[in-house]
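Worksheet for the structure shown next.
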Amino acid sequence: MHITYHTVQTFQHYFKQINLRMLRNVRRVGKRPLLKALPHRYKETSATERLETIRQLYKDAFQLTDGRPSAALLEALSQQSKLEGVLVSGEEVHALKFEARERTGHTLLPIIKIKGTTENCRIMLESYLDICLTKNELGNFVELINRCPQFPTTRINQSILLRYALMCIRSEVTPRLDLSPLIKRVVVLLERCRGDKFISCQSDMEISQEFINQVLHTFSFYPSDFLEFKTAALIANPHLKFSLSSRHISEEELCERYPVTRHLLESPSNATFPYPPTPSLTYRVASQLENERNEFTLLRSIGEEGEGVGEGVTQYKRKLQKQWSRELHLALVRESRLYRLGNYDDYRLRNCPILDDQIVNLKEVAEQTVNYICEVLINQYSGIGIIKVASVLGDMVYRKYRNKFTEFPADHYTAYIKSLPSNPGLNPQSVWDSHGETEFQPFTPQWNDATLDSIGGFILNLVLKSCYFDRDECREILGKKISKEDEGEDGRHTPVFVHTYLISTTMETNHPIGTFIANPLIKDLIHRITHSRGQFYFPTSEVPMMCPPRPWNYATRTPMLLNDVPFIRYAGRDWELYYKSMLHAHDRSGHTAVVKCGLDILGCLPWSINKQVLQKQIDVYNDGGLAKLSIATVFDKKYPSKPNPTTATDTELQEYRREVKALKKEEDELYSLRSTQLYTLSHARHLASKGLFWQCYNMDFRGRVYPVAPHLSQMMGDPARGALQFGHGAPLGEDGLRWLKIHCVNKFGAISKASFDEKEAYADERIDQILESADTLDTDRGWWAQSTEDPWQCLATCIEIAAALRSPDPTTYITHLPVHMDGSCNGLQHYAALGKDLEGAVKVNVTPSPHPQDVYTAVLDIVVRLAGEDADKGLEVAQLVQNKVYRKTLKQTIMTQVYGVTLYGGKEQIRGKLLDQGIDRMDAGRCAAYLSKLTFRAVGELFTQAQQIQEWLNTAAYEFAGTGAPVSWTTPLGLFCVQPYTKEKRQVVHTSLQTLNKVVPKPTMDVNKRKQRTAFPPNFVHSQDSTHMLMTAIKCHQEGIPFAAVHDSYWTLPAHVGRMNAILREQFAIMYSYDVLKNLKKSFEKSCPEHTFGELPASGKLDINSVKDSDYFFS
């Protein structure tokens, strides 16, 4: 091979700085071989000397080009080695190249080009931080910083720069970056510490407690870095204290800012802890830690044994999974090595952190990716969109990366759990701090949505390329014949997955969606195993905990032992990061102490599974389901035959398409419901074997509380609630059996608005049917199965009543079943309290009454009257609805009207109820539209004050959004709320698999004024009902009352219902003893001084303390 002129010019350019004169004649080479251009003395050297010369050429070339020589240069060197009669292998070249690049500190910069927004730059820098500093590649880190157009001074970035400065001190290198004055002071402190002495050179270098508090306030630390800083500081000043509590505002200041919290911070002298010590704590902690480190938890399916599922099929599946995991691991290692060597020129990977064993364990990533795809992806009905899978896999890598910086304080946690029962007067945060205050905030990397998607897309691309199976072997295992189209083809390397695009039928436009679909043979294999004796892999954060959660104190920030859980759940990681920055900007980190205390208290409650109810649900599910019991049925309808296109009329074809579309929709919905219930029941059986389990909680942006685990909790429907019970019980006492009977009637649904005495009498009259229900569990003729409300909860209560009545003494019978107390149209209750509306308060039981008031019936009466008047005038639609409107027809619309439901939304709600009542589909739409208008009119007549408040909230929110900022407010407990409504932006994420196109709201986009306005009234009311719930939870905990809640439905054991009712009424009165609307307006005026927010509606004459005597406020 000859070297061209262009190659020679390139060669000369790269070697012009080498202090060798071997290329002095290179200009006259032309197209001659390079060997003839070398000085004669190089031709007479030995082969060993020539080999060393070539190696030196490689090394010098890589040294001068920062480890990135051009392909032409490499070609010239290769040709030269052949002409010299020596061979430098490809592996040796790579080794020399890697060695040279490590020496020059450019191991990680093969093709990185930081472009785009400041946020992407920060994510990029943070993603590379660990490898740069762990390998002491300080020059590489500096280059990354210098190539970033802007490096914002956020807390996380300042922490990054601090660690860089500490690394420079260890390496005895002068920092080459501009550091903040505070970082420079830390550097000076460490530099002056020699051994166990502090060398003071400046009088102003005083290591004071104020300086320490400022450092803790500003930076997050790696554990080793903090230890180094603490040691140096104590050498300089032995009297210093390291505690994050100094960052929090004092109790006095907290009570002054938020007066409602004052009585919650005063622990009663007779306080008792509601729950006994946790059994088998060591085993439970070890089990939870193992699950969190593995990232996924294995659950067995509840499906029955299926045909054709032998041990051979199961073993073959395990063999395939091991094979795929091994191949994927090798692919990850290979691609990672190529990327680090600079031979991976893929522009789609520039937003993706390097997947390297120094960041995460690639073998674990491969195994868990295969497990997730096999047990989740393959069992989906028609595949899963790439966006969802990529996000899950990216989040898995993020959690593994984050856990590198997370240390679980096992001794601290164990002491905390054991001491909780002996410290009932303290909130969980105080008990945690009593065993050693948290000294520093650990460093936590933050990746945005684009980064997660990039990582996931990169992994999926490797899955697609590396996972194969032997088609013929799989057919033999499954007992299937070879199809005609496969005859004669070699199926030994059949791809497991296919990447394709499906047209979305749910969007307005036919938008193609990237989808991952499994080979039908593999899908059949996994489907057989999973739906018989198979298993599921769920992210550990989606499964309840095996031990009590940690408190939400400032440093841990998460109730799980290792895994990160956001305090406020937003749609996307970008909004979570934005909310954190807002908290820091407003210095509100310590203001949420009481709110977090409420979450900790809710998390202390242990749960267990009612095994008798659960087994009955599993039996019904495996028998095909039962619609009246809310167990989804198997789709068994047949699709109609397609009419002949040549003979059928257009009407017949349209009817056929409409019918097929409706059946397809029904089939998809049933499949989705069956899958959801399969997951729920499998979770329940898994947890039943564990005895006790715990939920950890976080909040949405309004402050409403939710369990982190989504597949089994009290937030779900009747089957899940029926299977749940408290982990620790209590004797029924004198009134417990009465409350069980009332609860049973509530769940049966026959006389929901009767008095407590009437409900108890109703249960006594049907005690034989209740006992029979508990004995037979008959789903056809059983009394419990006729429930119109919650049949499974009704059954659980029947079983409990039967057990209590058959015990020697019902008052000493220990029950685990919670009784629910629900608010009476809770949204309207809060509106009545906000405006001191006496008339509205009477209708929703805020004031005392001998019988419960029913606002739904009151609205129904007005709607029926108005419809009758219109019917008398000859209005056709009014005549159609005569004698067809009931309380249940309008209940949902009345309940949600105060939460901002629109006329169209109300119409759809009523339309669904009318269809259930058997009204013709053609008439249901216009009847629903008519009834929706009447319902809104009736609510307006009954609750004039509520509508005026709603209008003021709408107007105020629009004025606030006019400043260009999202509407924000603070709850009475100090929670800072921000509405995440901005104009949507199409985010394009380039991955090595495909381009992901997502429409997401970004916090950096302009606010959506319309949505900010219309959503504010319901969001504000939701923040109020959440505040009331947390206040009740804290006060119940202080009195030793176990407590759980579903927004405005409060749960406790039967013996404590009376006291809980008194507490929740007291807390409601305390919360509204302050002028909430006036305080809201003041906060708006402070945030937007240039805007006016109008006069508040006039207050009514309601005495809020009268709620303390209202027995049916919650009933």
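Residue names in the structure tokens use chain letters A, B, ... in the order shown, residue numbers from 1 in each chain, and ligand numbers from 1 in the order shown.
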Within 8 Å of stretch 597-604 of chain A, counting only C-alpha atoms, which residues show up once you throw out same-chain ones fewer than 6 positions away? Write them as a list of chain:residue names, please.
->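 Once the adjacent positions are removed, what remains is A:Asn427, A:Pro428, A:Gln429, A:Pro548, A:Pro549, A:Arg550, A:Pro551, A:Trp552, A:Trp694, A:Gln695, A:Cys696, A:Tyr697, A:Asn698, A:Val705, A:Leu1030, A:Met1031, A:Ala1033, A:Ile1034, A:His1037, A:Phe1043, A:Ala1044.
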Show me, as a compact mmCIF listing (two decimals) with N, CA, C and O atoms, in the first residue's frame, the residues that have an atom within 12 Å of A:Arg257 when counting only C-alpha atoms, minus same-chain residues fewer than 3 positions from it.
# COMPACT_ATOMS: atom_id res chain seq x y z
N ILE A 249 -35.29 26.47 60.92
CA ILE A 249 -35.74 27.57 61.75
C ILE A 249 -36.19 27.01 63.10
O ILE A 249 -36.56 25.84 63.21
N SER A 250 -36.15 27.80 64.11
CA SER A 250 -36.51 27.35 65.45
C SER A 250 -38.02 27.13 65.54
O SER A 250 -38.79 27.60 64.69
N GLU A 251 -38.41 26.42 66.59
CA GLU A 251 -39.84 26.17 66.79
C GLU A 251 -40.59 27.47 67.01
O GLU A 251 -41.73 27.62 66.56
N GLU A 252 -39.95 28.41 67.71
CA GLU A 252 -40.61 29.69 67.96
C GLU A 252 -40.89 30.43 66.65
O GLU A 252 -41.98 30.96 66.42
N GLU A 253 -39.88 30.46 65.77
CA GLU A 253 -40.07 31.14 64.49
C GLU A 253 -41.08 30.41 63.62
O GLU A 253 -41.89 31.04 62.92
N LEU A 254 -41.06 29.07 63.67
CA LEU A 254 -42.02 28.29 62.90
C LEU A 254 -43.44 28.57 63.36
O LEU A 254 -44.35 28.77 62.54
N VAL A 260 -50.87 27.77 63.20
CA VAL A 260 -51.60 26.50 63.34
C VAL A 260 -50.69 25.42 63.92
O VAL A 260 -51.17 24.49 64.59
N THR A 261 -49.39 25.53 63.69
CA THR A 261 -48.49 24.46 64.12
C THR A 261 -48.20 24.48 65.61
O THR A 261 -47.65 23.51 66.14
N ARG A 262 -48.56 25.55 66.29
CA ARG A 262 -48.15 25.70 67.69
C ARG A 262 -48.66 24.54 68.55
O ARG A 262 -47.89 23.92 69.30
N ARG A 588 -36.86 27.81 52.29
CA ARG A 588 -37.99 27.20 52.97
C ARG A 588 -37.72 25.75 53.37
O ARG A 588 -38.64 25.01 53.69
N GLY A 590 -36.46 24.36 55.97
CA GLY A 590 -36.85 23.98 57.31
C GLY A 590 -38.30 24.23 57.65
O GLY A 590 -38.75 23.88 58.74
N HIS A 591 -39.05 24.84 56.73
CA HIS A 591 -40.42 25.20 57.03
C HIS A 591 -41.37 24.02 56.93
O HIS A 591 -42.52 24.12 57.34
N THR A 592 -40.92 22.93 56.34
CA THR A 592 -41.80 21.77 56.14
C THR A 592 -41.67 20.75 57.25
O THR A 592 -42.08 19.60 57.09
N THR A 970 -48.52 29.03 50.24
CA THR A 970 -48.02 28.24 51.37
C THR A 970 -49.20 27.79 52.21
O THR A 970 -50.09 28.59 52.54
N THR A 971 -49.23 26.51 52.56
CA THR A 971 -50.33 25.97 53.36
C THR A 971 -50.17 26.41 54.81
O THR A 971 -49.09 26.86 55.22
N PRO A 972 -51.21 26.27 55.62
CA PRO A 972 -51.10 26.65 57.04
C PRO A 972 -50.00 25.90 57.79
O PRO A 972 -49.55 26.38 58.83
N LEU A 973 -49.54 24.74 57.28
CA LEU A 973 -48.46 24.00 57.95
C LEU A 973 -47.09 24.33 57.38
O LEU A 973 -46.09 23.74 57.80
N GLY A 974 -47.01 25.24 56.41
CA GLY A 974 -45.71 25.66 55.91
C GLY A 974 -45.25 24.99 54.64
O GLY A 974 -44.10 25.16 54.23
N LEU A 975 -46.12 24.23 53.97
CA LEU A 975 -45.72 23.59 52.71
C LEU A 975 -45.82 24.59 51.57
O LEU A 975 -46.86 25.21 51.36
N ASN A 1079 -54.98 35.60 54.59
CA ASN A 1079 -53.55 35.29 54.57
C ASN A 1079 -53.08 34.97 53.15
O ASN A 1079 -51.96 35.31 52.76
N SER A 1083 -50.17 36.99 50.99
CA SER A 1083 -49.00 36.34 50.38
C SER A 1083 -48.91 36.65 48.89
O SER A 1083 -47.81 36.83 48.35
Would you kindly return, as a VMD selection string, each protein, DNA or RNA residue with an atom no farther than 8 Å from any atom of stretch 883-892 of chain A, considering only C-alpha atoms and excluding same-chain residues fewer than 6 positions away?
-> chain A and resid 856 to 857 860 864 909 to 910 913 to 914 935
Calculate how many Å separate atom CA of A:Val313 from atom CA of A:Ser689, rounding to one decimal.
-> 26.7 Å
Judged by only C-alpha atoms, the minimum distance to A:Ala1098 among A:Thr955, A:Ile949, A:Thr982, A:Glu295 is found for A:Ile949
Min atom-atom distance to A:Thr812 from the set A:Ala1055, A:Gly782, A:Lys611, A:Val360, counting only C-alpha atoms, belongs to A:Ala1055
Within stretch 717-873 of chain A, find each residue whose DSSP state, derived from the backbone, is strand (DSSP E or B), and express the selection as a list in words.
->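 Going through stretch 717-873 of chain A, the strand (DSSP E or B) residues come out as Leu724, Gln725, Phe726, Ala730, Pro731, Ile814, Thr815, Val819, His820, Met821, Asp822 and Gly823 of chain A.
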Please, which residues of stretch 645-721 of chain A, numbered as in this document, come out alpha helix (DSSP H) from DSSP, as a ChimeraX atom specification?
-> /A:650-688,718-721
What lies within 9 Å of A:Leu452 using only C-alpha atoms, ignoring chain neighbours under 4 positions off, as an MDAnalysis selection string?
-> chainID A and resid 352 390:398 447:448 456:457
Shell around A:Pro1017 at 9 Å using only C-alpha atoms, local window under 4 positions removed, as a PyMOL selection string | chain A and resi 898-900+949-954+957+1013+1021-1022
I need the chosen residues saved as a compact mmCIF listing (two decimals), in the first residue's frame, with all heavy atoms.
# COMPACT_ATOMS: atom_id res chain seq x y z
N VAL A 898 -67.01 21.45 42.83
CA VAL A 898 -66.21 22.40 43.59
C VAL A 898 -64.73 22.19 43.36
O VAL A 898 -63.91 23.02 43.76
CB VAL A 898 -66.52 22.28 45.10
CG1 VAL A 898 -67.94 22.69 45.38
CG2 VAL A 898 -66.26 20.86 45.59
N TYR A 899 -64.36 21.09 42.73
CA TYR A 899 -62.95 20.83 42.42
C TYR A 899 -62.62 21.21 40.99
O TYR A 899 -61.59 20.79 40.45
CB TYR A 899 -62.62 19.37 42.67
CG TYR A 899 -62.64 18.97 44.12
CD1 TYR A 899 -63.42 17.92 44.57
CD2 TYR A 899 -61.89 19.68 45.05
CE1 TYR A 899 -63.44 17.56 45.91
CE2 TYR A 899 -61.90 19.34 46.39
CZ TYR A 899 -62.67 18.28 46.82
OH TYR A 899 -62.69 17.94 48.15
N GLY A 900 -63.50 21.99 40.35
CA GLY A 900 -63.16 22.55 39.06
C GLY A 900 -63.61 21.77 37.86
O GLY A 900 -63.17 22.05 36.74
N ILE A 949 -66.27 32.67 46.22
CA ILE A 949 -64.87 32.40 46.59
C ILE A 949 -64.14 31.78 45.40
O ILE A 949 -62.98 32.13 45.11
CB ILE A 949 -64.81 31.48 47.82
CG1 ILE A 949 -65.40 32.18 49.04
CG2 ILE A 949 -63.38 31.03 48.09
CD1 ILE A 949 -65.51 31.30 50.27
N GLN A 950 -64.81 30.88 44.72
CA GLN A 950 -64.19 30.23 43.57
C GLN A 950 -63.85 31.26 42.49
O GLN A 950 -62.77 31.21 41.88
CB GLN A 950 -65.14 29.16 43.01
CG GLN A 950 -64.49 28.16 42.09
CD GLN A 950 -65.42 27.01 41.77
OE1 GLN A 950 -66.62 27.06 42.05
NE2 GLN A 950 -64.88 25.98 41.17
N GLU A 951 -64.75 32.20 42.25
CA GLU A 951 -64.49 33.24 41.26
C GLU A 951 -63.32 34.13 41.68
O GLU A 951 -62.48 34.51 40.84
CB GLU A 951 -65.76 34.08 41.05
CG GLU A 951 -66.88 33.31 40.34
CD GLU A 951 -68.19 34.08 40.34
OE1 GLU A 951 -68.19 35.23 40.87
OE2 GLU A 951 -69.19 33.55 39.84
N TRP A 952 -63.22 34.44 42.98
CA TRP A 952 -62.11 35.27 43.43
C TRP A 952 -60.78 34.52 43.27
O TRP A 952 -59.77 35.10 42.84
CB TRP A 952 -62.29 35.66 44.90
CG TRP A 952 -61.19 36.58 45.37
CD1 TRP A 952 -61.15 37.94 45.28
CD2 TRP A 952 -59.95 36.17 45.97
NE1 TRP A 952 -59.96 38.42 45.80
CE2 TRP A 952 -59.20 37.36 46.22
CE3 TRP A 952 -59.40 34.95 46.32
CZ2 TRP A 952 -57.94 37.33 46.81
CZ3 TRP A 952 -58.14 34.92 46.90
CH2 TRP A 952 -57.42 36.09 47.13
N LEU A 953 -60.78 33.25 43.58
CA LEU A 953 -59.56 32.45 43.42
C LEU A 953 -59.14 32.39 41.96
O LEU A 953 -57.94 32.47 41.63
CB LEU A 953 -59.77 31.04 43.97
CG LEU A 953 -59.97 30.92 45.50
CD1 LEU A 953 -60.33 29.48 45.87
CD2 LEU A 953 -58.72 31.35 46.25
N ASN A 954 -60.11 32.24 41.07
CA ASN A 954 -59.81 32.23 39.64
C ASN A 954 -59.14 33.54 39.20
O ASN A 954 -58.12 33.55 38.51
CB ASN A 954 -61.09 32.01 38.83
CG ASN A 954 -61.43 30.54 38.68
OD1 ASN A 954 -60.54 29.71 38.49
ND2 ASN A 954 -62.70 30.21 38.76
N ALA A 957 -55.60 34.02 40.69
CA ALA A 957 -54.61 33.18 40.03
C ALA A 957 -54.22 33.73 38.67
O ALA A 957 -53.05 33.68 38.27
CB ALA A 957 -55.15 31.76 39.89
N ARG A 1013 -55.20 29.53 36.02
CA ARG A 1013 -56.41 30.13 36.59
C ARG A 1013 -57.45 29.08 36.94
O ARG A 1013 -57.96 29.05 38.06
CB ARG A 1013 -56.99 31.13 35.59
CG ARG A 1013 -58.31 31.76 36.03
CD ARG A 1013 -58.82 32.75 35.00
NE ARG A 1013 -59.10 32.12 33.73
CZ ARG A 1013 -60.25 31.47 33.44
NH1 ARG A 1013 -61.21 31.41 34.35
NH2 ARG A 1013 -60.44 30.94 32.26
N VAL A 1021 -58.11 24.10 47.44
CA VAL A 1021 -58.96 23.36 48.37
C VAL A 1021 -58.32 22.01 48.72
O VAL A 1021 -58.37 21.57 49.87
CB VAL A 1021 -60.37 23.18 47.77
CG1 VAL A 1021 -61.21 22.26 48.65
CG2 VAL A 1021 -61.06 24.53 47.63
N HIS A 1022 -57.70 21.36 47.75
CA HIS A 1022 -57.00 20.11 48.03
C HIS A 1022 -55.87 20.32 49.04
O HIS A 1022 -55.63 19.48 49.90
CB HIS A 1022 -56.44 19.51 46.74
CG HIS A 1022 -57.46 18.80 45.91
ND1 HIS A 1022 -58.36 17.91 46.44
CD2 HIS A 1022 -57.71 18.83 44.58
CE1 HIS A 1022 -59.13 17.43 45.48
NE2 HIS A 1022 -58.76 17.97 44.34
Which of these residues is nearest to A:Lys241, using only C-alpha atoms: A:Asp411, A:Asp668, A:Asp778, A:Glu439?
->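 Counting only C-alpha atoms, the residue closest to A:Lys241 is A:Glu439.
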Atomic distance atom CA of A:Ser1049 - atom CA of A:Val846, expressed in Å with one decimal | 15.7 Å
Students should find that atom CA of A:Ala841 and atom CA of A:Leu1102 are spaced 7.6 Å
Considering only C-alpha atoms, state which residue in the set A:Asn1019, A:Gln829, A:Ser220, A:Asn845 is at the smallest distance from A:Ser1115.
->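 Once distances to A:Ser1115 are computed over only C-alpha atoms, the minimum belongs to A:Asn845.
Closest approach to A:Ser419 from the set A:Thr494, A:Ala366, A:Phe273, A:Pro268 is made by A:Phe273, with distances taken over only C-alpha atoms.
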Name all residues at most 10 Å from A:Glu191 (count only C-alpha atoms; drop same-chain ones fewer than 4 positions away) and give them as a PDB file with N, CA, C and O atoms, in the first residue's frame.
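The resulting out34.pdb:
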ATOM      1  N   LEU A 166     -11.002  19.795  46.911  1.00  0.00           N
ATOM      2  CA  LEU A 166     -10.435  18.825  47.856  1.00  0.00           C
ATOM      3  C   LEU A 166      -9.526  17.835  47.151  1.00  0.00           C
ATOM      4  O   LEU A 166      -8.482  17.435  47.690  1.00  0.00           O
ATOM      5  N   ILE A 169      -6.176  19.400  46.586  1.00  0.00           N
ATOM      6  CA  ILE A 169      -5.351  19.426  47.794  1.00  0.00           C
ATOM      7  C   ILE A 169      -4.684  18.075  48.003  1.00  0.00           C
ATOM      8  O   ILE A 169      -3.485  17.987  48.302  1.00  0.00           O
ATOM      9  N   ARG A 170      -5.441  17.002  47.829  1.00  0.00           N
ATOM     10  CA  ARG A 170      -4.863  15.667  48.011  1.00  0.00           C
ATOM     11  C   ARG A 170      -3.752  15.403  47.011  1.00  0.00           C
ATOM     12  O   ARG A 170      -2.763  14.738  47.316  1.00  0.00           O
ATOM     13  N   GLU A 172      -1.926  17.676  45.677  1.00  0.00           N
ATOM     14  CA  GLU A 172      -0.948  18.758  45.763  1.00  0.00           C
ATOM     15  C   GLU A 172      -0.853  19.508  44.438  1.00  0.00           C
ATOM     16  O   GLU A 172       0.227  19.793  43.906  1.00  0.00           O
ATOM     17  N   ARG A 185     -11.998  29.373  51.460  1.00  0.00           N
ATOM     18  CA  ARG A 185     -11.767  29.289  52.908  1.00  0.00           C
ATOM     19  C   ARG A 185     -11.634  27.845  53.350  1.00  0.00           C
ATOM     20  O   ARG A 185     -10.807  27.525  54.203  1.00  0.00           O
ATOM     21  N   VAL A 186     -12.455  26.968  52.759  1.00  0.00           N
ATOM     22  CA  VAL A 186     -12.329  25.541  53.083  1.00  0.00           C
ATOM     23  C   VAL A 186     -10.968  25.012  52.640  1.00  0.00           C
ATOM     24  O   VAL A 186     -10.306  24.256  53.357  1.00  0.00           O
ATOM     25  N   VAL A 187     -10.510  25.448  51.461  1.00  0.00           N
ATOM     26  CA  VAL A 187      -9.203  25.017  50.951  1.00  0.00           C
ATOM     27  C   VAL A 187      -8.092  25.484  51.878  1.00  0.00           C
ATOM     28  O   VAL A 187      -7.177  24.719  52.230  1.00  0.00           O
ATOM     29  N   PHE A 198      -2.890  22.938  63.470  1.00  0.00           N
ATOM     30  CA  PHE A 198      -3.450  23.942  62.556  1.00  0.00           C
ATOM     31  C   PHE A 198      -2.503  25.135  62.537  1.00  0.00           C
ATOM     32  O   PHE A 198      -2.215  25.737  63.567  1.00  0.00           O
ATOM     33  N   ILE A 199      -1.990  25.466  61.341  1.00  0.00           N
ATOM     34  CA  ILE A 199      -1.041  26.554  61.189  1.00  0.00           C
ATOM     35  C   ILE A 199      -1.810  27.827  60.865  1.00  0.00           C
ATOM     36  O   ILE A 199      -2.366  27.967  59.773  1.00  0.00           O
ATOM     37  N   ALA A 232     -10.242  18.409  59.982  1.00  0.00           N
ATOM     38  CA  ALA A 232      -9.441  19.632  59.922  1.00  0.00           C
ATOM     39  C   ALA A 232     -10.060  20.737  60.765  1.00  0.00           C
ATOM     40  O   ALA A 232      -9.356  21.471  61.481  1.00  0.00           O
TER      41      ALA A 232
END
